[in-house]
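What follows is one structure encoded as structure tokens, with my remarks underneath.
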There are 2 protein chains.
Amino acid sequence: MLSKKSQYAFKALSYLSQKFNDGPVLISEIARKKKIPLKFLENILLELKKADILDSKKGKGGGYFLKKKPEQIKVATIIRLVNGPISMLPCVSLYFYERCKNCNEKHCALHDMMVEVRDATLDIVENRTLRDLMDE
Amino acid sequence: MLSKKSQYAFKALSYLSQKFNDGPVLISEIARKKKIPLKFLENILLELKKADILDSKKGKGGGYFLKKKPEQIKVATIIRLVNGPISMLPCVSLYFYERCKNCNEKHCALHDMMVEVRDATLDIVENRTLRDLMDE
DNA sequence: TATTAGTCCACCGGGTTGGTGGGCTAGTAT
DNA sequence: ATACTAGCCCACCAACCCGGTGGACTAATA
């Protein structure tokens with residue numbers, strides 16, 4: 001399950017995608033419009049900035065904005081960043097791989113099944129971007 | 001990600017599937033063969049028994065055994081039981097559904113995408129059983 | 001220079017995860 | 001009936017994560 005943090009992140013990013021051509025957007029505006037706890041959102045946006053997804057401007061007229069165009073930011077990237085691994089097992093993860101003790105990955109049926117699940121999931125989230133989340 | 005508990009559960013169930021025709025299997029035997037902490041495994045097996053997946057016999061010659069044939073126990077059932085929701089959002093879950101506030105599920109692009117992910121995943125785990133995990 | 005708005009840090013309660021220990025009880029073989 | 005066996009149950013544990021808050025600081029801008 002995606003954490004609330006991840007859900008907030010997607011809401012905020014979706015909002016910023018809509019406002020992509022309008023210059024910086026205040027944290028407080030996002031928080032109000034998307035009903036996200038202000039201080040919590042602050043942390044999330046800062047994290048996204050450090051990960052090079054967002055950029056910000058301080059002082060009057062400041063705020064947050066996407067560093068790239070919405071269609072250039074993949075959903076998979078955001079999930080990995082904010083939520084962690086997409087795979088169901090460490091030993092099938094591409095970005096958070098950990099060797100699986102007591103399960104030689106060559107002959108482990110669970111492993112093989114989870115590879116399938118992973119690929120089916122990635123097939124979706126790697127091919128969608130923030131642009132696809134810009135509804136309403 | 002599947003919890004360690006879930007991974008242990010699958011290992012234990014896979015072992016019990018192999019031994020399906022051999023009568024009750026000791027917790028201690030499973031723990032030893034599959035390298036699972038004994039007491040932790042005890043809890044897991046008890047939970048699976050209460051969920052009607054396993055049955056047990058007490059006293060000498062006792063142990064645990066599958067209540068149904070391996071091919072009659074779906075992987076999806078076990079995941080839901082031990083790990084929880086398979087979906088990435090509560091509002092797209094079939095078995096753990098929760099209404100999504102501030103996101104009318106009719107026009108939420110994230111929701112729609114996660115429905116796709118859910119279906120792709122279920123397509124795999126609903127169609128595999130413990131029989132498919134009986135390797136080696 | 002005053003104001004604005006992001007930055008940073010510390011803390012918090014509560015829940016989950018991954019266990020462990022000990023005693024009890026019910027079933028089984030003898 | 002008895003002894004033994006093996007599951008059952010309860011309580012507790014440390015460590016970590018989740019969701020969130022408060023306050024001070026700093027950098028940019030008008």
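FYI, nothing fancy with the structure tokens labels: chains A, B, ... in order, residues from 1 per chain, ligands from 1 as they appear.
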Name the residues in contact with Tyr95 in chain B at a cut-off of 10 Å, using only C-alpha atoms (C1' of nucleotides), excluding same-chain residues fewer than 6 positions from it; report them as a ChimeraX atom specification.
/B:80,84-87
Just-selected residues, C-alpha atoms written as a PDB file, in the first residue's frame:
```pdb
ATOM      1  CA  ARG B  80      -4.343 -10.969   2.011  1.00  0.00           C
ATOM      2  CA  GLY B  84      -2.927  -7.391   4.043  1.00  0.00           C
ATOM      3  CA  PRO B  85      -4.185  -5.503   0.986  1.00  0.00           C
ATOM      4  CA  ILE B  86      -2.765  -6.291  -2.426  1.00  0.00           C
ATOM      5  CA  SER B  87      -3.841  -2.958  -3.906  1.00  0.00           C
TER       6      SER B  87
END
```
Please provide as a list in words all residues within 12 Å of DA30 in chain D, with the sequence filter that same-chain residues fewer than 5 positions apart are discarded (counting only C-alpha atoms (C1' of nucleotides)).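 Counting only the stated atoms, we get Gly59, Lys60 and Gly61 of chain A; DT1, DA2, DT3 and DT4 of chain C.
Distance-wise, CA of Lys19 in chain A and CA of Tyr64 in chain A end up 10.3 Å apart.
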Give me the residues of chain C that have any atom at most 7 Å from an atom of chain B; for each, the nearest atom pair and the distance in Å, rounded to one decimal. Use only C-alpha atoms (C1' of nucleotides), sort by chain and number, and format it as JSON lines.
```
{"residue": "C:DG19", "atom": "C1'", "partner": "B:Phe40", "partner_atom": "CA", "distance": 6.6}
{"residue": "C:DA26", "atom": "C1'", "partner": "B:Lys58", "partner_atom": "CA", "distance": 7.0}
{"residue": "C:DG27", "atom": "C1'", "partner": "B:Gly59", "partner_atom": "CA", "distance": 4.9}
{"residue": "C:DT28", "atom": "C1'", "partner": "B:Gly59", "partner_atom": "CA", "distance": 5.4}
```
Contact set, chain D to chain A: 8 Å, only C-alpha atoms (C1' of nucleotides), as a list in words:
DG19, DG20, DT21, DA27, DA28, DT29 and DA30 of chain D
Determine, using only C-alpha atoms, which residues of chain A have any atom at most 6 Å from an atom of chain B, and tabulate each with its shortest atom pair and distance in Å to one decimal place, rows ordered by chain and then rising number, as a Markdown table.
```
| residue | atom | partner | partner_atom | distance |
| --- | --- | --- | --- | --- |
| A:Met1 | CA | B:Met88 | CA | 4.0 |
| A:Leu2 | CA | B:Met88 | CA | 5.3 |
| A:Met88 | CA | B:Met1 | CA | 4.0 |
| A:Leu89 | CA | B:Met1 | CA | 5.7 |
| A:Ala109 | CA | B:Leu133 | CA | 5.0 |
| A:Leu110 | CA | B:Leu133 | CA | 5.9 |
| A:Val117 | CA | B:Thr121 | CA | 5.6 |
| A:Ala120 | CA | B:Ala120 | CA | 6.0 |
| A:Thr121 | CA | B:Val117 | CA | 5.6 |
| A:Leu133 | CA | B:Ala109 | CA | 5.0 |
```
So that I can check the secondary structure, give me every residue of range 35-71 of chain B assigned strand (DSSP E) by backbone DSSP, as a list in words. Leu54, Asp55, Ser56, Lys57, Gly63, Tyr64, Phe65 and Leu66 of chain B
Save out the residues we just selected, N, CA and C atoms, as a PDB file, in the first residue's frame.
```pdb
ATOM      1  N   LEU B  54      -4.746 -24.153   7.533  1.00  0.00           N
ATOM      2  CA  LEU B  54      -4.073 -25.300   8.115  1.00  0.00           C
ATOM      3  C   LEU B  54      -4.956 -25.976   9.150  1.00  0.00           C
ATOM      4  N   ASP B  55      -4.564 -27.203   9.503  1.00  0.00           N
ATOM      5  CA  ASP B  55      -5.137 -27.839  10.672  1.00  0.00           C
ATOM      6  C   ASP B  55      -3.983 -28.469  11.437  1.00  0.00           C
ATOM      7  N   SER B  56      -4.236 -28.845  12.680  1.00  0.00           N
ATOM      8  CA  SER B  56      -3.138 -29.382  13.483  1.00  0.00           C
ATOM      9  C   SER B  56      -3.615 -30.568  14.313  1.00  0.00           C
ATOM     10  N   LYS B  57      -2.634 -31.308  14.776  1.00  0.00           N
ATOM     11  CA  LYS B  57      -2.899 -32.442  15.648  1.00  0.00           C
ATOM     12  C   LYS B  57      -1.978 -32.310  16.839  1.00  0.00           C
ATOM     13  N   GLY B  63       1.365 -32.312  14.785  1.00  0.00           N
ATOM     14  CA  GLY B  63       2.010 -31.346  13.900  1.00  0.00           C
ATOM     15  C   GLY B  63       0.976 -30.609  13.070  1.00  0.00           C
ATOM     16  N   TYR B  64       1.468 -29.906  12.077  1.00  0.00           N
ATOM     17  CA  TYR B  64       0.583 -29.142  11.204  1.00  0.00           C
ATOM     18  C   TYR B  64       0.456 -29.786   9.835  1.00  0.00           C
ATOM     19  N   PHE B  65      -0.667 -29.538   9.179  1.00  0.00           N
ATOM     20  CA  PHE B  65      -0.844 -30.007   7.805  1.00  0.00           C
ATOM     21  C   PHE B  65      -1.872 -29.136   7.097  1.00  0.00           C
ATOM     22  N   LEU B  66      -1.784 -29.109   5.781  1.00  0.00           N
ATOM     23  CA  LEU B  66      -2.728 -28.324   4.977  1.00  0.00           C
ATOM     24  C   LEU B  66      -4.133 -28.897   5.105  1.00  0.00           C
TER      25      LEU B  66
END
```
Per-residue DSSP, range 3-124 of chain B, filtered to helix (DSSP H, G or I), as number ranges by chain
B: 4-18, 27-34, 38-50, 70-72, 75-83, 90-92, 109-124
Writer output for current selection, C-alpha atoms, as a compact mmCIF listing (two decimals), in the first residue's frame:
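As written to disk, result-v6.txt reads:
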```
# COMPACT_ATOMS: atom_id res chain seq x y z
CA LYS B 4 9.13 -11.23 6.63
CA LYS B 5 6.16 -12.87 8.22
CA SER B 6 4.62 -13.34 4.79
CA GLN B 7 7.83 -14.72 3.38
CA TYR B 8 8.08 -17.17 6.27
CA ALA B 9 4.45 -18.14 5.73
CA PHE B 10 5.10 -18.95 2.09
CA LYS B 11 8.17 -20.98 2.90
CA ALA B 12 6.31 -22.95 5.53
CA LEU B 13 3.31 -23.50 3.28
CA SER B 14 5.52 -24.57 0.44
CA TYR B 15 7.12 -27.13 2.74
CA LEU B 16 3.76 -28.37 3.96
CA SER B 17 2.66 -28.70 0.36
CA GLN B 18 5.54 -31.02 -0.39
CA ILE B 27 6.67 -26.91 13.74
CA SER B 28 10.24 -27.56 14.78
CA GLU B 29 10.92 -29.52 11.61
CA ILE B 30 9.60 -26.71 9.43
CA ALA B 31 11.55 -24.16 11.42
CA ARG B 32 14.75 -26.13 11.06
CA LYS B 33 14.41 -27.01 7.40
CA LYS B 34 13.24 -23.57 6.32
CA LEU B 38 10.66 -21.29 15.92
CA LYS B 39 8.43 -19.17 18.11
CA PHE B 40 7.69 -16.74 15.36
CA LEU B 41 6.70 -19.58 13.08
CA GLU B 42 4.43 -20.90 15.82
CA ASN B 43 2.42 -17.67 15.69
CA ILE B 44 2.24 -17.71 11.93
CA LEU B 45 1.01 -21.28 11.70
CA LEU B 46 -1.56 -20.69 14.39
CA GLU B 47 -2.88 -17.72 12.46
CA LEU B 48 -3.10 -19.80 9.31
CA LYS B 49 -4.95 -22.44 11.24
CA LYS B 50 -7.48 -19.94 12.55
CA PRO B 70 -2.07 -27.33 -2.41
CA GLU B 71 -3.75 -26.60 -5.72
CA GLN B 72 -6.85 -25.40 -3.89
CA VAL B 75 -1.50 -17.28 -3.38
CA ALA B 76 -3.76 -14.23 -3.24
CA THR B 77 -5.57 -15.65 -0.23
CA ILE B 78 -2.36 -16.06 1.70
CA ILE B 79 -1.10 -12.59 0.86
CA ARG B 80 -4.34 -10.97 2.01
CA LEU B 81 -4.34 -13.03 5.14
CA VAL B 82 -0.80 -12.54 6.31
CA ASN B 83 0.26 -9.35 4.59
CA PRO B 90 -7.45 1.64 0.00
CA CYS B 91 -9.94 3.08 -2.48
CA VAL B 92 -9.14 0.44 -5.10
CA ALA B 109 -6.53 9.55 -12.50
CA LEU B 110 -4.40 8.04 -9.73
CA HIS B 111 -7.32 5.86 -8.74
CA ASP B 112 -7.76 4.64 -12.29
CA MET B 113 -4.11 3.81 -12.68
CA MET B 114 -4.07 1.88 -9.43
CA VAL B 115 -7.07 -0.12 -10.57
CA GLU B 116 -4.99 -1.19 -13.53
CA VAL B 117 -2.07 -2.14 -11.32
CA ARG B 118 -4.36 -4.06 -9.03
CA ASP B 119 -5.89 -6.02 -11.89
CA ALA B 120 -2.54 -6.83 -13.41
CA THR B 121 -1.34 -8.13 -10.06
CA LEU B 122 -4.48 -10.09 -9.28
CA ASP B 123 -4.32 -11.66 -12.69
CA ILE B 124 -1.19 -13.39 -11.47
```
Students should find that C1' of DC9 in chain C and C1' of DG23 in chain D are spaced 9.3 Å
As a short mmCIF file (atom, residue, chain, number, x, y, z; two decimals) with C-alpha atoms (C1' of nucleotides), in the first residue's frame, please: the residues near DA11 in chain D (cut-off 12 Å, only C-alpha atoms (C1' of nucleotides), same-chain neighbours under 6 positions excluded).
```
data_model
loop_
_atom_site.label_atom_id
_atom_site.label_comp_id
_atom_site.auth_asym_id
_atom_site.auth_seq_id
_atom_site.Cartn_x
_atom_site.Cartn_y
_atom_site.Cartn_z
"C1'" DT C 20 11.32 -14.22 22.63
"C1'" DG C 21 9.95 -16.64 27.01
"C1'" DG C 22 7.11 -19.29 29.87
"C1'" DG C 23 3.51 -21.76 31.27
#
```
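The interatomic distance for the pair CA of Lys69 in chain A and C1' of DG6 in chain C works out to 22.1 Å.
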